[in-house]
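Reviewing the structure listed below.
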Amino acid sequence: MMKEYDYTIVGGGMVGAATAIGLSKLGYRVAVIEYKAPDLFDDSQSMDIRVSAISQSSVDLLEALGAWQYIKEMRVCPYKRLETWEHPECRTRFHSDALDMEQLGFIVENRLIQLGLWQVFSTFENLNVITPAKIADLEFFTDHNVLTLENGDKIKTKWVIGADGANSYVRQKAKIGITAWDYRQHCMLINIETAEAQQDITWQWFTPSGPRSFLPLHGNKGSLVWYDSPQRIKQLSSMNSIQLEKEIKAYFPQELGEFTVEQSGSFPLTRRHAQKYVDHRCVLLGDAAHTINPLAGQGVNLGFKDVKVLLEEIESKGLEVDKALRIYESRRKADNLAMQSSMDLFYTLFSNSLPAVKFLRNVGLKLADSSGALKTQALKYALGL
């Protein structure tokens with residue numbers, strides 16, 4: 001017998017799991033299809049390579065969904081300060097005190113955010129998690145869709161939500177086009193153990209070949225982000241820990257201090273934006289709808305904004321789901337495009353090696369540090385406040 005749901009979410013990662021909880025809280029029949037459940041937490045486990053800078057607005061959403069209590073019991077690192085510079089004398093500094101906040105946000109491993117959300121699943125009888133599972137087919141009808149799993153099971157659902165990442169099967173099956181380009185840079189993520197105790201600052205230093213960033217992690221750990229050409233990142237990826245440590249010491253600022261390399265990984269930087277967020281009774285959220293240059297660490301925060309707006313519109317419009325989804329698309333598409341464009345402008349500006357441009361951007365960073373209300377407003381926007 002074919003099971004029936006109001007919403008079937010393809011992808012049980014951070015964004016998909018948050019959507020599932022939110023819709024379940026609204027009383028809908030919800031299914032989540034996920035290839036692999038997150039591993040249970042053990043404090044002795046190594047830090048994951050993939051981490052996110054979670055803004056306060058994202059924390060508020062996770063608290064409302066009941067997941068933050070589980071996440072903060074695992075490994076989180078609050079940060080109070082943020083610094084950006086190219087020339088060491090021309091810095092823009094942000095501090096949580098400027099907003100009367102305890103912290104600007106938290107650095108958390110992606111898997112632990114996902115796991116915290118999954119721990120909430122069991123509180124809903126109207127939420128069914130189907131894992132391990134993969135989709136074999138997706139068929140479209142007038143008032144519903146039918147998903148066929150690889151094991152032959154079929155699911156009838158009023159709406160399919162694609163939260164299945166940048167290479168979304170749902171998006172491709174619904175024939176929703178994308179606007180995309182390659183940034184011609186790759187990004188290397190390096191987990192380190194630092195000589196200092198747990199830090200409360202994240203910083204980003206711009207260089208001619210790309211930014212270098214530090215994100216503090218729980219305990220005396222940290223995550224380094226190294227942007228560079230594909231050839232250079234390939235070279236770095238082939239090094240052992242000792243060789244990589246020497247390269248980092250040669251090409252990162254002194255602010256890093258003493259450290260040892262633990263693990264690393266790399267990926268290309270690509271921008272994608274779906275031309276539609278809603279079509280064929282399918283809805284796209286998170287990376288399935290948009291990917292962004294990770295310069296400001298806004299990726300998952302934009303995804304959680306998608307979730308928040310989707311839930312708001314579905315709750316407020318009741319049975320008028322079509323109307324709710326049209327408004328969701330118009331609200332989120334414009335905001336995501338604005339953030340993508342802002343990051344692209346920032347990326348292009350700091351990739352330019354002309355002396356005049358370099359002088360002006362350093363003056364700009366210096367002026368921004370003393371811009372008062374404008375600086376505070378920029379910080380609020382970045383934090384989703």
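Please note that chains go A, B, ... in the order of the structure tokens, that every chain numbers its residues from 1, and that ligands are numbered from 1 in the order shown.
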
Using only C-alpha atoms, I'd like a table of the residues in segment 111-223 of chain A that come within 9 Å of segment 79-103 of chain A; for each, show the closest atom pair and its distance in Å rounded to one decimal, ordered by chain and ascending number, as a tab-separated table.
residue	atom	partner	partner_atom	distance
A:Gln199	CA	A:Tyr79	CA	7.4
A:Asp200	CA	A:Tyr79	CA	4.2
A:Ile201	CA	A:Arg81	CA	4.6
A:Thr202	CA	A:Leu82	CA	5.0
A:Trp203	CA	A:Glu83	CA	4.7
A:Gln204	CA	A:Thr84	CA	4.9
A:Trp205	CA	A:Trp85	CA	5.2
A:Phe206	CA	A:Glu86	CA	4.7
A:Thr207	CA	A:Glu86	CA	6.6
A:Pro211	CA	A:Glu86	CA	9.0
A:Leu215	CA	A:Tyr79	CA	8.8
A:Pro216	CA	A:Tyr79	CA	7.5

Can I get the selected residues back with N, CA, C and O atoms, as a PDB file, in the first residue's frame?
ATOM      1  N   GLN A 199      39.375  29.964  21.675  1.00  0.00           N
ATOM      2  CA  GLN A 199      39.400  31.380  21.310  1.00  0.00           C
ATOM      3  C   GLN A 199      37.994  31.908  21.026  1.00  0.00           C
ATOM      4  O   GLN A 199      37.070  31.128  20.769  1.00  0.00           O
ATOM      5  N   ASP A 200      37.855  33.235  21.048  1.00  0.00           N
ATOM      6  CA  ASP A 200      36.540  33.842  20.820  1.00  0.00           C
ATOM      7  C   ASP A 200      36.559  34.782  19.621  1.00  0.00           C
ATOM      8  O   ASP A 200      35.721  35.667  19.495  1.00  0.00           O
ATOM      9  N   ILE A 201      37.535  34.589  18.718  1.00  0.00           N
ATOM     10  CA  ILE A 201      37.658  35.473  17.556  1.00  0.00           C
ATOM     11  C   ILE A 201      37.734  34.655  16.278  1.00  0.00           C
ATOM     12  O   ILE A 201      38.370  33.595  16.232  1.00  0.00           O
ATOM     13  N   THR A 202      37.068  35.143  15.236  1.00  0.00           N
ATOM     14  CA  THR A 202      37.238  34.595  13.896  1.00  0.00           C
ATOM     15  C   THR A 202      37.762  35.727  13.015  1.00  0.00           C
ATOM     16  O   THR A 202      37.333  36.875  13.158  1.00  0.00           O
ATOM     17  N   TRP A 203      38.731  35.429  12.160  1.00  0.00           N
ATOM     18  CA  TRP A 203      39.315  36.486  11.347  1.00  0.00           C
ATOM     19  C   TRP A 203      39.536  36.039   9.906  1.00  0.00           C
ATOM     20  O   TRP A 203      39.570  34.844   9.601  1.00  0.00           O
ATOM     21  N   GLN A 204      39.664  37.055   9.035  1.00  0.00           N
ATOM     22  CA  GLN A 204      39.878  36.801   7.617  1.00  0.00           C
ATOM     23  C   GLN A 204      40.887  37.811   7.082  1.00  0.00           C
ATOM     24  O   GLN A 204      40.715  39.027   7.243  1.00  0.00           O
ATOM     25  N   TRP A 205      41.949  37.287   6.476  1.00  0.00           N
ATOM     26  CA  TRP A 205      43.025  38.109   5.931  1.00  0.00           C
ATOM     27  C   TRP A 205      43.034  37.929   4.410  1.00  0.00           C
ATOM     28  O   TRP A 205      43.078  36.794   3.902  1.00  0.00           O
ATOM     29  N   PHE A 206      42.971  39.036   3.673  1.00  0.00           N
ATOM     30  CA  PHE A 206      42.948  38.974   2.214  1.00  0.00           C
ATOM     31  C   PHE A 206      44.359  39.063   1.654  1.00  0.00           C
ATOM     32  O   PHE A 206      45.148  39.923   2.057  1.00  0.00           O
ATOM     33  N   THR A 207      44.657  38.164   0.716  1.00  0.00           N
ATOM     34  CA  THR A 207      45.962  38.145   0.056  1.00  0.00           C
ATOM     35  C   THR A 207      45.735  38.158  -1.453  1.00  0.00           C
ATOM     36  O   THR A 207      44.617  37.905  -1.920  1.00  0.00           O
ATOM     37  N   PRO A 211      41.726  34.735   0.161  1.00  0.00           N
ATOM     38  CA  PRO A 211      41.672  34.946   1.613  1.00  0.00           C
ATOM     39  C   PRO A 211      42.231  33.773   2.414  1.00  0.00           C
ATOM     40  O   PRO A 211      42.274  32.631   1.936  1.00  0.00           O
ATOM     41  N   LEU A 215      38.644  30.038  12.034  1.00  0.00           N
ATOM     42  CA  LEU A 215      37.415  29.905  12.802  1.00  0.00           C
ATOM     43  C   LEU A 215      37.737  29.110  14.060  1.00  0.00           C
ATOM     44  O   LEU A 215      38.290  28.001  13.961  1.00  0.00           O
ATOM     45  N   PRO A 216      37.428  29.636  15.244  1.00  0.00           N
ATOM     46  CA  PRO A 216      37.699  28.891  16.470  1.00  0.00           C
ATOM     47  C   PRO A 216      36.720  27.735  16.630  1.00  0.00           C
ATOM     48  O   PRO A 216      35.541  27.850  16.272  1.00  0.00           O
TER      49      PRO A 216
END

- Selection: 7 Å around Gly165 of chain A, only C-alpha atoms, excl. self and same-chain fewer than 3 positions, as a VMD selection string: chain A and resid 168 287 to 288

Could you please take those selected residues and save N, CA and C atoms as a tab-separated table (two decimals), in the first residue's frame?
chain	number	residue	atom	x	y	z
A	168	SER	N	21.16	18.92	-6.49
A	168	SER	CA	19.82	18.44	-6.16
A	168	SER	C	19.17	17.58	-7.24
A	287	ASP	N	21.02	24.75	-0.20
A	287	ASP	CA	21.95	24.62	-1.33
A	287	ASP	C	21.28	24.10	-2.59
A	288	ALA	N	20.14	23.46	-2.48
A	288	ALA	CA	19.41	23.02	-3.68
A	288	ALA	C	18.92	24.22	-4.47

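Using only C-alpha atoms for every distance, the candidate list A:Met74, A:Ala17, A:Ile314, A:Ala250 yields A:Met74 as the residue closest to Gln45 of chain A.
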
- Write out as an MDAnalysis selection string the residues lying within 12 Å of segment 258-264 of chain A, counting only C-alpha atoms and excluding same-chain residues fewer than 4 positions away. chainID A and resid 46:50 187:197 220:226 233:234 236:249 252:254

Hey, can you spit out that residue selection with N, CA and C atoms as a tab-separated table (two decimals), in the first residue's frame?
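Result file follows (again16.tsv):
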chain	number	residue	atom	x	y	z
A	46	SER	N	37.04	12.80	16.22
A	46	SER	CA	37.73	13.95	15.63
A	46	SER	C	36.70	14.98	15.17
A	47	MET	N	37.11	16.24	15.17
A	47	MET	CA	36.25	17.30	14.64
A	47	MET	C	36.00	17.05	13.16
A	48	ASP	N	34.78	17.31	12.71
A	48	ASP	CA	34.47	17.22	11.29
A	48	ASP	C	35.13	18.38	10.54
A	49	ILE	N	35.44	18.16	9.27
A	49	ILE	CA	36.02	19.20	8.44
A	49	ILE	C	35.00	20.31	8.15
A	50	ARG	N	33.76	19.92	7.91
A	50	ARG	CA	32.71	20.89	7.57
A	50	ARG	C	32.15	21.52	8.84
A	187	CYS	N	38.91	25.79	-2.34
A	187	CYS	CA	38.97	26.11	-0.92
A	187	CYS	C	39.46	24.89	-0.16
A	188	MET	N	40.43	25.09	0.70
A	188	MET	CA	40.95	24.00	1.53
A	188	MET	C	40.57	24.27	2.98
A	189	LEU	N	40.01	23.26	3.63
A	189	LEU	CA	39.63	23.32	5.03
A	189	LEU	C	40.63	22.48	5.83
A	190	ILE	N	41.18	23.07	6.89
A	190	ILE	CA	42.22	22.39	7.66
A	190	ILE	C	41.88	22.49	9.15
A	191	ASN	N	41.68	21.37	9.78
A	191	ASN	CA	41.46	21.36	11.23
A	191	ASN	C	42.80	21.32	11.95
A	192	ILE	N	42.93	22.18	12.96
A	192	ILE	CA	44.19	22.26	13.70
A	192	ILE	C	43.94	22.21	15.21
A	193	GLU	N	45.00	21.89	15.93
A	193	GLU	CA	45.00	22.04	17.38
A	193	GLU	C	45.91	23.21	17.68
A	194	THR	N	45.42	24.18	18.46
A	194	THR	CA	46.17	25.40	18.70
A	194	THR	C	46.85	25.36	20.07
A	195	ALA	N	47.91	26.14	20.20
A	195	ALA	CA	48.61	26.23	21.49
A	195	ALA	C	47.77	27.01	22.50
A	196	GLU	N	46.93	27.94	21.98
A	196	GLU	CA	46.07	28.73	22.86
A	196	GLU	C	44.84	27.94	23.29
A	197	ALA	N	44.23	28.37	24.39
A	197	ALA	CA	42.96	27.79	24.83
A	197	ALA	C	41.86	28.21	23.86
A	220	ASN	N	40.72	23.70	22.38
A	220	ASN	CA	41.84	24.41	21.75
A	220	ASN	C	42.00	23.94	20.29
A	221	LYS	N	40.87	23.99	19.57
A	221	LYS	CA	40.87	23.58	18.16
A	221	LYS	C	40.52	24.77	17.28
A	222	GLY	N	40.78	24.62	16.00
A	222	GLY	CA	40.43	25.67	15.06
A	222	GLY	C	40.28	25.12	13.66
A	223	SER	N	39.60	25.88	12.82
A	223	SER	CA	39.43	25.51	11.41
A	223	SER	C	40.04	26.61	10.56
A	224	LEU	N	40.98	26.24	9.70
A	224	LEU	CA	41.59	27.19	8.77
A	224	LEU	C	40.92	27.04	7.41
A	225	VAL	N	40.73	28.17	6.74
A	225	VAL	CA	40.15	28.16	5.40
A	225	VAL	C	41.16	28.84	4.48
A	226	TRP	N	41.62	28.10	3.46
A	226	TRP	CA	42.65	28.60	2.55
A	226	TRP	C	42.07	28.62	1.14
A	233	ILE	N	45.83	24.48	-4.49
A	233	ILE	CA	45.11	23.66	-3.52
A	233	ILE	C	45.38	22.17	-3.76
A	234	LYS	N	45.51	21.79	-5.03
A	234	LYS	CA	45.85	20.40	-5.34
A	234	LYS	C	47.23	20.05	-4.77
A	236	LEU	N	48.73	21.53	-2.19
A	236	LEU	CA	48.64	21.48	-0.73
A	236	LEU	C	47.97	20.18	-0.26
A	237	SER	N	46.99	19.73	-1.02
A	237	SER	CA	46.25	18.51	-0.65
A	237	SER	C	47.11	17.26	-0.72
A	238	SER	N	48.17	17.32	-1.50
A	238	SER	CA	49.05	16.15	-1.65
A	238	SER	C	50.11	16.06	-0.54
A	239	MET	N	50.19	17.10	0.31
A	239	MET	CA	51.21	17.15	1.36
A	239	MET	C	50.79	16.36	2.59
A	240	ASN	N	51.79	15.89	3.34
A	240	ASN	CA	51.50	15.28	4.64
A	240	ASN	C	51.33	16.40	5.68
A	241	SER	N	50.96	16.05	6.90
A	241	SER	CA	50.66	17.05	7.92
A	241	SER	C	51.83	17.97	8.23
A	242	ILE	N	53.03	17.41	8.28
A	242	ILE	CA	54.22	18.22	8.62
A	242	ILE	C	54.51	19.22	7.50
A	243	GLN	N	54.43	18.75	6.24
A	243	GLN	CA	54.66	19.64	5.11
A	243	GLN	C	53.60	20.75	5.06
A	244	LEU	N	52.35	20.36	5.30
A	244	LEU	CA	51.26	21.34	5.25
A	244	LEU	C	51.42	22.38	6.37
A	245	GLU	N	51.87	21.93	7.53
A	245	GLU	CA	52.09	22.84	8.66
A	245	GLU	C	53.12	23.91	8.30
A	246	LYS	N	54.18	23.51	7.61
A	246	LYS	CA	55.22	24.47	7.20
A	246	LYS	C	54.65	25.49	6.21
A	247	GLU	N	53.81	25.03	5.28
A	247	GLU	CA	53.21	25.94	4.30
A	247	GLU	C	52.27	26.94	4.99
A	248	ILE	N	51.49	26.46	5.95
A	248	ILE	CA	50.58	27.34	6.67
A	248	ILE	C	51.35	28.41	7.42
A	249	LYS	N	52.43	28.02	8.08
A	249	LYS	CA	53.25	28.99	8.83
A	249	LYS	C	53.86	30.04	7.91
A	252	PHE	N	50.24	32.09	6.36
A	252	PHE	CA	49.19	32.62	7.24
A	252	PHE	C	49.77	33.69	8.14
A	253	PRO	N	48.96	34.62	8.65
A	253	PRO	CA	49.48	35.70	9.50
A	253	PRO	C	49.90	35.20	10.87
A	254	GLN	N	50.66	36.02	11.57
A	254	GLN	CA	51.18	35.66	12.89
A	254	GLN	C	50.07	35.47	13.93

- Task: Point out the residue among A:Ala20, A:Glu73, A:Val32, A:Gln119 with the least atom-to-atom distance to Ala133 of chain A, counting only C-alpha atoms.
- Result: A:Val32

- Who sits within 8 Å of His290 of chain A, only C-alpha atoms, same chain under 3 positions skipped, as a ChimeraX atom specification: /A:166,271-274,285-287,336

I need the chosen residues saved as a PDB file, in the first residue's frame, with C-alpha atoms.
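And here's selection.pdb as it stands now:
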ATOM      1  CA  ALA A 166      23.922  21.704  -4.593  1.00  0.00           C
ATOM      2  CA  ARG A 271      27.960  29.849  -7.477  1.00  0.00           C
ATOM      3  CA  ARG A 272      24.530  28.418  -8.315  1.00  0.00           C
ATOM      4  CA  HIS A 273      21.076  29.982  -8.174  1.00  0.00           C
ATOM      5  CA  ALA A 274      17.904  28.161  -9.182  1.00  0.00           C
ATOM      6  CA  LEU A 285      15.560  25.202  -0.048  1.00  0.00           C
ATOM      7  CA  GLY A 286      19.171  25.718   1.007  1.00  0.00           C
ATOM      8  CA  ASP A 287      21.951  24.616  -1.326  1.00  0.00           C
ATOM      9  CA  ASN A 336      19.540  35.311  -1.589  1.00  0.00           C
TER      10      ASN A 336
END

- Sel. of alpha helix (DSSP H) residues, segment 55-196 of chain A, as JSON, numbers by chain: {"A": [56, 57, 58, 59, 60, 61, 62, 63, 64, 68, 69, 70, 71, 110, 111, 112, 113, 114, 115, 116, 117, 118, 119, 120, 121, 169, 170, 171, 172, 173]}
